[in-house]
file upload09.cif (mmCIF, C-alpha atoms)
data_start
#
loop_
_atom_site.label_atom_id
_atom_site.label_comp_id
_atom_site.auth_asym_id
_atom_site.auth_seq_id
_atom_site.Cartn_x
_atom_site.Cartn_y
_atom_site.Cartn_z
CA MET A 633 118.95 140.35 70.16
CA PRO A 634 117.82 142.43 73.16
CA PRO A 635 120.44 144.76 74.66
CA PRO A 636 122.21 143.45 77.80
CA CYS A 637 120.12 143.65 80.96
CA CYS A 638 116.94 144.05 78.91
CA THR A 639 113.84 142.20 77.86
CA ASN A 640 111.26 143.32 75.32
CA THR A 641 107.65 143.22 76.52
CA SER A 642 104.42 144.59 75.10
CA THR A 643 102.77 147.28 77.16
CA PRO A 644 99.08 147.79 77.85
CA GLY A 645 97.51 151.12 78.63
CA ALA A 646 98.58 154.55 77.48
CA VAL A 647 101.78 153.27 75.84
CA HIS A 648 101.00 151.19 72.76
CA HIS A 649 104.52 150.22 71.67
CA PRO A 650 106.98 147.78 73.25
CA VAL A 651 108.95 149.16 76.18
CA TRP A 652 112.25 147.61 77.11
CA THR A 653 112.68 146.38 80.67
CA VAL A 654 116.15 147.36 81.87
CA THR A 655 117.56 146.14 85.16
CA GLN A 656 120.02 148.16 87.20
CA TYR A 657 121.96 144.94 87.79
CA ALA A 658 123.82 143.07 85.08
CA SER A 659 122.03 139.76 85.73
CA ALA A 660 118.31 139.89 86.38
CA ASP A 661 118.32 136.36 87.76
CA LEU A 662 120.57 137.45 90.65
CA ILE A 663 118.30 140.25 91.90
CA GLY A 664 116.31 138.06 94.29
CA ARG A 665 119.50 136.76 95.90
CA ILE A 666 120.91 140.30 96.14
CA ALA A 667 117.73 141.66 97.69
CA TYR A 668 116.93 138.88 100.15
CA ASP A 669 119.88 136.52 100.55
CA GLY A 670 122.79 138.91 101.04
CA HIS A 671 124.42 138.05 97.72
CA ASP A 672 127.24 140.46 96.79
CA PRO A 673 126.03 142.35 93.68
CA GLY A 674 129.63 142.78 92.60
CA ASP A 675 129.91 139.02 92.23
CA ASP A 676 128.18 139.09 88.86
CA PRO A 677 129.77 137.38 85.87
CA ASN A 678 128.00 139.77 83.49
CA TRP A 679 129.11 143.03 85.05
CA GLU A 680 130.91 144.18 81.87
CA ARG A 681 127.61 144.25 79.97
CA THR A 682 126.66 147.43 81.83
CA GLY A 683 129.63 149.31 80.39
CA ALA A 684 131.35 149.50 83.79
CA PRO A 685 135.11 150.02 83.45
CA THR A 686 135.91 147.65 86.33
CA ARG A 687 134.14 145.14 88.52
CA THR A 688 134.90 147.36 91.52
CA MET A 689 133.21 150.32 89.86
CA TYR A 690 130.19 148.20 89.00
CA ALA A 691 129.93 146.94 92.59
CA ARG A 692 130.10 150.51 93.93
CA TRP A 693 127.39 151.92 91.68
CA CYS A 694 124.91 149.20 90.77
CA ARG A 695 122.69 149.73 93.83
CA HIS A 696 122.31 153.41 92.91
CA MET A 697 121.36 153.08 89.24
CA CYS A 698 117.60 152.59 89.32
CA GLY A 699 117.09 156.05 87.80
CA ILE A 700 119.72 155.43 85.15
CA ALA A 701 117.98 152.20 84.20
CA CYS A 702 114.68 154.11 83.92
CA LEU A 703 116.32 156.64 81.60
CA ARG A 704 117.73 153.86 79.43
CA MET A 705 114.25 152.37 79.05
CA VAL A 706 112.84 155.70 77.86
CA LEU A 707 115.67 156.19 75.36
CA LEU A 708 115.31 152.66 74.03
CA HIS A 709 111.60 153.24 73.62
CA ARG A 710 112.11 156.54 71.80
CA ASP A 711 115.16 155.76 69.68
CA GLY A 712 115.45 151.99 69.51
CA HIS A 713 118.95 152.25 70.95
CA ALA A 714 120.62 153.85 73.97
CA PRO A 715 124.03 154.25 75.59
CA SER A 716 125.08 151.71 78.19
CA LEU A 717 124.12 152.15 81.82
CA PHE A 718 127.59 153.41 82.73
CA GLU A 719 127.73 155.82 79.79
CA LEU A 720 124.49 157.34 81.02
CA LEU A 721 125.74 157.33 84.60
CA THR A 722 128.94 159.15 83.62
CA GLY A 723 126.92 161.93 82.02
CA ALA A 724 124.59 162.21 84.99
CA VAL A 725 127.52 162.45 87.40
CA ARG A 726 129.09 165.15 85.26
CA TYR A 727 125.90 167.23 85.62
CA GLY A 728 125.75 166.77 89.40
CA ALA A 729 122.86 164.30 89.45
CA TYR A 730 124.98 162.16 91.76
CA VAL A 731 127.40 163.43 94.40
CA GLN A 732 130.16 161.30 95.90
CA GLN A 733 131.10 162.18 99.47
CA ASP A 734 133.82 160.00 100.96
CA SER A 735 132.36 156.48 100.84
CA THR A 736 128.77 157.55 100.18
CA ILE A 737 126.86 158.32 96.99
CA LYS A 738 123.97 160.80 97.04
CA GLY A 739 121.52 160.76 94.18
CA LEU A 740 119.65 160.66 91.97
CA ILE A 741 119.17 164.42 92.33
CA TYR A 742 116.27 165.50 90.18
CA ALA A 743 116.96 169.01 88.84
CA PRO A 744 120.47 168.38 87.47
CA PHE A 745 119.28 165.06 86.07
CA VAL A 746 116.55 166.82 84.08
CA LYS A 747 119.09 169.30 82.75
CA TYR A 748 121.37 166.41 81.78
CA VAL A 749 118.70 164.55 79.81
CA ALA A 750 117.65 167.77 78.06
CA ASP A 751 121.19 168.85 77.13
CA THR A 752 122.62 165.47 76.22
CA HIS A 753 119.67 163.43 74.99
CA GLN A 754 117.25 166.18 73.87
CA LEU A 755 114.66 164.55 76.12
CA PRO A 756 112.11 166.95 77.66
CA GLY A 757 111.64 166.45 81.37
CA GLU A 758 110.08 168.10 84.38
CA VAL A 759 110.66 167.73 88.10
CA HIS A 760 107.58 167.09 90.22
CA ARG A 761 108.60 167.71 93.79
CA GLU A 762 105.04 167.19 94.99
CA LEU A 763 102.98 164.76 92.95
CA ASP A 764 99.74 163.10 93.96
CA LEU A 765 98.08 160.11 92.32
CA ASP A 766 95.68 162.25 90.27
CA GLY A 767 98.61 164.25 88.95
CA LEU A 768 100.46 161.07 88.05
CA VAL A 769 97.43 159.79 86.15
CA ASP A 770 97.21 163.08 84.26
CA LEU A 771 100.84 162.79 83.20
CA LEU A 772 100.39 159.22 82.01
CA ASP A 773 97.23 160.16 80.10
CA ALA A 774 99.30 162.85 78.39
CA SER A 775 101.67 160.08 77.18
CA ARG A 776 104.45 161.01 79.58
CA MET A 777 106.61 158.36 81.19
CA VAL A 778 107.22 159.12 84.84
CA MET A 779 110.15 158.12 87.02
CA VAL A 780 108.39 157.80 90.36
CA SER A 781 109.88 157.50 93.82
CA VAL A 782 108.58 154.39 95.58
CA SER A 783 109.53 151.95 98.29
CA LYS A 784 111.97 149.35 97.01
CA GLU A 785 109.54 146.74 98.36
CA ILE A 786 107.08 147.54 95.61
CA ARG A 787 108.40 144.28 94.14
CA ARG A 788 106.29 142.52 96.79
CA PRO A 789 103.02 144.48 96.62
CA ASP A 790 101.19 142.21 99.10
CA ILE A 791 103.49 143.38 101.91
CA ASP A 792 102.99 146.83 103.43
CA PRO A 793 106.21 148.87 103.11
CA GLU A 794 108.02 150.37 106.08
CA ARG A 795 108.63 153.60 104.16
CA ARG A 796 107.64 155.32 100.95
CA GLY A 797 110.18 156.49 98.41
CA GLY A 798 113.90 155.90 98.04
CA HIS A 799 113.77 153.82 94.83
CA LEU A 800 112.87 154.83 91.28
CA VAL A 801 110.62 152.88 88.92
CA LEU A 802 109.22 153.90 85.55
CA ALA A 803 105.46 154.38 85.21
CA ILE A 804 104.61 153.87 81.54
CA GLY A 805 100.82 153.81 81.40
CA ARG A 806 97.65 152.53 82.98
CA GLN A 807 94.90 150.08 82.15
CA ASP A 808 91.63 149.10 83.84
CA GLY A 809 92.40 151.08 86.98
CA GLU A 810 95.93 149.69 87.25
CA ILE A 811 99.22 151.50 86.81
CA VAL A 812 101.76 149.80 84.55
CA LEU A 813 105.36 149.93 85.72
CA ARG A 814 108.88 148.87 84.90
CA ASN A 815 110.98 148.14 87.99
CA PRO A 816 114.78 148.05 87.52
CA SER A 817 115.17 145.89 90.63
CA GLY A 818 112.26 143.51 90.18
CA HIS A 819 113.29 140.05 91.33
CA THR A 820 110.85 138.07 89.18
CA PRO A 821 109.48 138.59 85.66
CA LYS A 822 106.21 139.84 87.19
CA ALA A 823 108.05 142.19 89.56
CA LEU A 824 110.11 143.60 86.68
CA ALA A 825 106.99 144.58 84.72
CA PRO A 826 104.13 144.85 87.22
CA ALA A 827 100.69 146.34 87.00
CA MET A 828 98.81 147.17 90.20
CA PRO A 829 95.71 149.04 91.31
CA LEU A 830 96.32 152.73 91.72
CA ASP A 831 95.28 152.77 95.37
CA ARG A 832 97.70 149.95 96.20
CA PHE A 833 100.47 151.71 94.32
CA GLY A 834 99.80 154.71 96.54
CA ALA A 835 100.97 152.74 99.58
CA PHE A 836 104.49 152.67 98.08
CA PHE A 837 104.53 156.03 96.30
CA GLY A 838 106.72 158.78 97.74
CA GLY A 839 104.73 161.62 96.13
CA ARG A 840 107.44 162.91 93.79
CA GLY A 841 109.07 162.09 90.48
CA ILE A 842 110.31 163.17 87.07
CA SER A 843 108.14 163.14 83.97
CA LEU A 844 109.79 162.52 80.60
CA ASP A 845 108.26 162.98 77.16
CA PRO A 846 109.57 160.35 74.71
CA ARG A 847 107.41 161.74 71.88
CA SER A 848 109.47 164.87 71.35
CA THR A 849 112.87 166.48 71.62
CA VAL A 850 113.99 169.60 73.44
CA ARG A 851 113.74 172.83 71.46
CA ARG A 852 113.97 175.11 74.44
CA TRP A 853 114.55 174.64 78.14
CA PRO A 854 111.83 172.53 79.76
CA SER A 855 110.04 173.77 82.85
CA MET A 856 112.02 172.72 85.90
CA THR A 857 111.29 172.93 89.59
CA ALA A 858 114.28 173.43 91.84
CA VAL A 859 114.97 170.59 94.23
CA SER A 860 117.10 171.36 97.26
CA ARG A 861 117.95 167.81 98.27
CA PRO A 862 118.42 164.37 96.81
CA VAL A 863 115.09 162.63 96.62
CA ALA A 864 116.21 159.07 95.89
CA SER A 865 119.46 159.12 97.81
CA HIS A 866 119.57 155.68 99.35
CA PRO A 867 121.13 152.66 97.68
CA THR A 868 118.38 150.27 96.66
CA THR A 869 118.24 146.58 95.90
#
call {"tool": "encode", "arguments": {"input": "upload09.cif", "output": "structure tokens"}}
result
Amino acid sequence: MPPPCCTNTSTPGAVHHPVWTVTQYASADLIGRIAYDGHDPGDDPNWERTGAPTRTMYARWCRHMCGIACLRMVLLHRDGHAPSLFELLTGAVRYGAYVQQDSTIKGLIYAPFVKYVADTHQLPGEVHRELDLDGLVDLLDASRMVMVSVSKEIRRPDIDPERRGGHLVLAIGRQDGEIVLRNPSGHTPKALAPAMPLDRFGAFFGGRGISLDPRSTVRRWPSMTAVSRPVASHPTT
């Protein structure tokens, strides 16, 4: 059976093997209500499936775990198994990829996250503080998966976003001029695993991201670019 919060879908484009779709919320069928109807994400009967120690902890963190969900997809693709969302989150917090300040959570912070995935999961990664569409295409053509910063409203691609960036989705390949994505907060099956023309994707793209190489393991430190500030620091739905 698929892991909790996951579906298994075939992937066109540069990636020729199935890629799990992992949601940052325990129940994918609640995402639309959370995003647009004011539903409390903590009111989820499946919260324990994420590995959260308490419902309160799940409610505090679930809006911030788009990047963690992306990492889980890459690990599932590479290894066929992966730690739970909250196991991955705990490691990322330990490395400083998230910072808790009073009632706020800042993160995902790219550079410590890349160090975490290299040290703990032997997954090569690289920070791309400035990334244009041509550079993204080059990474995908090199069989990288790329956590890209986009507007959370990429789930509704017909609507122009108010801002770019702030939410992380996983770019896994491209086909026929379209970029193939996995969106941890997609509110429909199509929004969870969308494909869209590259120029339309550019309207949502924040111009930065993290590339990960699921084909190999770390033998020495990957190239990293220092990042001085969180680049996906807002809670997303």
call {"tool": "closest_atom_pairs", "arguments": {"input": "upload09.cif", "of": "range 730-785 of chain A", "to": "range 711-718 of chain A", "cutoff": "12 Å", "atoms": "all atoms listed in the file", "output": "tab-separated table"}}
result
residue	atom	partner	partner_atom	distance
A:Thr752	CA	A:Pro715	CA	11.3
A:His753	CA	A:Ala714	CA	9.7
A:Gln754	CA	A:Asp711	CA	11.4
A:Leu755	CA	A:Asp711	CA	10.9
call {"tool": "closest_residue", "arguments": {"input": "upload09.cif", "among": "A:His696, A:Asp831, A:Pro677, A:Leu707", "to": "Val731 in chain A", "atoms": "all atoms listed in the file"}}
result
A:His696
call {"tool": "residues_near_point", "arguments": {"input": "upload09.cif", "point": "(109.9, 161.6, 101.5)", "cutoff": "10 Å", "atoms": "all atoms listed in the file", "output": "VMD selection string"}}
result
chain A and resid 761 to 762 781 to 782 795 to 798 837 to 840 863 to 864
call {"tool": "write_last_selection", "arguments": {"input": "upload09.cif", "atoms": "C-alpha atoms", "output": "PDB file, in the frame of the given file"}}
result
ATOM      1  CA  ARG A 761     108.600 167.710  93.790  1.00  0.00           C
ATOM      2  CA  GLU A 762     105.040 167.190  94.990  1.00  0.00           C
ATOM      3  CA  SER A 781     109.880 157.500  93.820  1.00  0.00           C
ATOM      4  CA  VAL A 782     108.580 154.390  95.580  1.00  0.00           C
ATOM      5  CA  ARG A 795     108.630 153.600 104.160  1.00  0.00           C
ATOM      6  CA  ARG A 796     107.640 155.320 100.950  1.00  0.00           C
ATOM      7  CA  GLY A 797     110.180 156.490  98.410  1.00  0.00           C
ATOM      8  CA  GLY A 798     113.900 155.900  98.040  1.00  0.00           C
ATOM      9  CA  PHE A 837     104.530 156.030  96.300  1.00  0.00           C
ATOM     10  CA  GLY A 838     106.720 158.780  97.740  1.00  0.00           C
ATOM     11  CA  GLY A 839     104.730 161.620  96.130  1.00  0.00           C
ATOM     12  CA  ARG A 840     107.440 162.910  93.790  1.00  0.00           C
ATOM     13  CA  VAL A 863     115.090 162.630  96.620  1.00  0.00           C
ATOM     14  CA  ALA A 864     116.210 159.070  95.890  1.00  0.00           C
TER      15      ALA A 864
END
call {"tool": "closest_residue", "arguments": {"input": "upload09.cif", "among": "A:Arg814, A:Arg806, A:Arg847, A:Lys738", "to": "Trp693 in chain A", "atoms": "all atoms listed in the file"}}
result
A:Lys738
call {"tool": "closest_residue", "arguments": {"input": "upload09.cif", "among": "A:Ala835, A:Lys747, A:Ala691, A:Pro789", "to": "Lys822 in chain A", "atoms": "only C-alpha atoms"}}
result
A:Pro789
call {"tool": "closest_residue", "arguments": {"input": "upload09.cif", "among": "A:Ala660, A:Val749, A:Ile737, A:Leu721", "to": "Pro685 in chain A", "atoms": "only C-alpha atoms"}}
result
A:Leu721
call {"tool": "residues_around", "arguments": {"input": "upload09.cif", "residues": "Pro793 in chain A", "least_positions_apart": "6", "cutoff": "10 Å", "atoms": "all atoms listed in the file", "output": "PDB file with C-alpha atoms, keeping the file's coordinate frame"}}
result
ATOM      1  CA  VAL A 782     108.580 154.390  95.580  1.00  0.00           C
ATOM      2  CA  SER A 783     109.530 151.950  98.290  1.00  0.00           C
ATOM      3  CA  LYS A 784     111.970 149.350  97.010  1.00  0.00           C
ATOM      4  CA  GLU A 785     109.540 146.740  98.360  1.00  0.00           C
ATOM      5  CA  ILE A 786     107.080 147.540  95.610  1.00  0.00           C
ATOM      6  CA  ALA A 835     100.970 152.740  99.580  1.00  0.00           C
ATOM      7  CA  PHE A 836     104.490 152.670  98.080  1.00  0.00           C
TER       8      PHE A 836
END
call {"tool": "atom_distance", "arguments": {"input": "upload09.cif", "atom1": "CA of Val725 in chain A", "atom2": "CA of Met697 in chain A"}}
result
11.4 Å
call {"tool": "closest_residue", "arguments": {"input": "upload09.cif", "among": "A:Tyr727, A:Tyr690, A:Phe745, A:Phe833", "to": "Ile791 in chain A", "atoms": "all atoms listed in the file"}}
result
A:Phe833
call {"tool": "atom_distance", "arguments": {"input": "upload09.cif", "atom1": "CA of Ile811 in chain A", "atom2": "CA of Met777 in chain A"}}
result
11.5 Å
call {"tool": "closest_residue", "arguments": {"input": "upload09.cif", "among": "A:Pro756, A:Gly739, A:Gly674, A:Gly728", "to": "Asp845 in chain A", "atoms": "all atoms listed in the file"}}
result
A:Pro756
call {"tool": "resolve_selection", "arguments": {"input": "upload09.cif", "expression": "the PyMOL selection byres ((chain A and resi 809) around 9)", "output": "PDB file with C-alpha atoms, keeping the file's coordinate frame"}}
result
ATOM      1  CA  ARG A 806      97.650 152.530  82.980  1.00  0.00           C
ATOM      2  CA  GLN A 807      94.900 150.080  82.150  1.00  0.00           C
ATOM      3  CA  ASP A 808      91.630 149.100  83.840  1.00  0.00           C
ATOM      4  CA  GLU A 810      95.930 149.690  87.250  1.00  0.00           C
ATOM      5  CA  ILE A 811      99.220 151.500  86.810  1.00  0.00           C
ATOM      6  CA  MET A 828      98.810 147.170  90.200  1.00  0.00           C
ATOM      7  CA  PRO A 829      95.710 149.040  91.310  1.00  0.00           C
ATOM      8  CA  LEU A 830      96.320 152.730  91.720  1.00  0.00           C
TER       9      LEU A 830
END
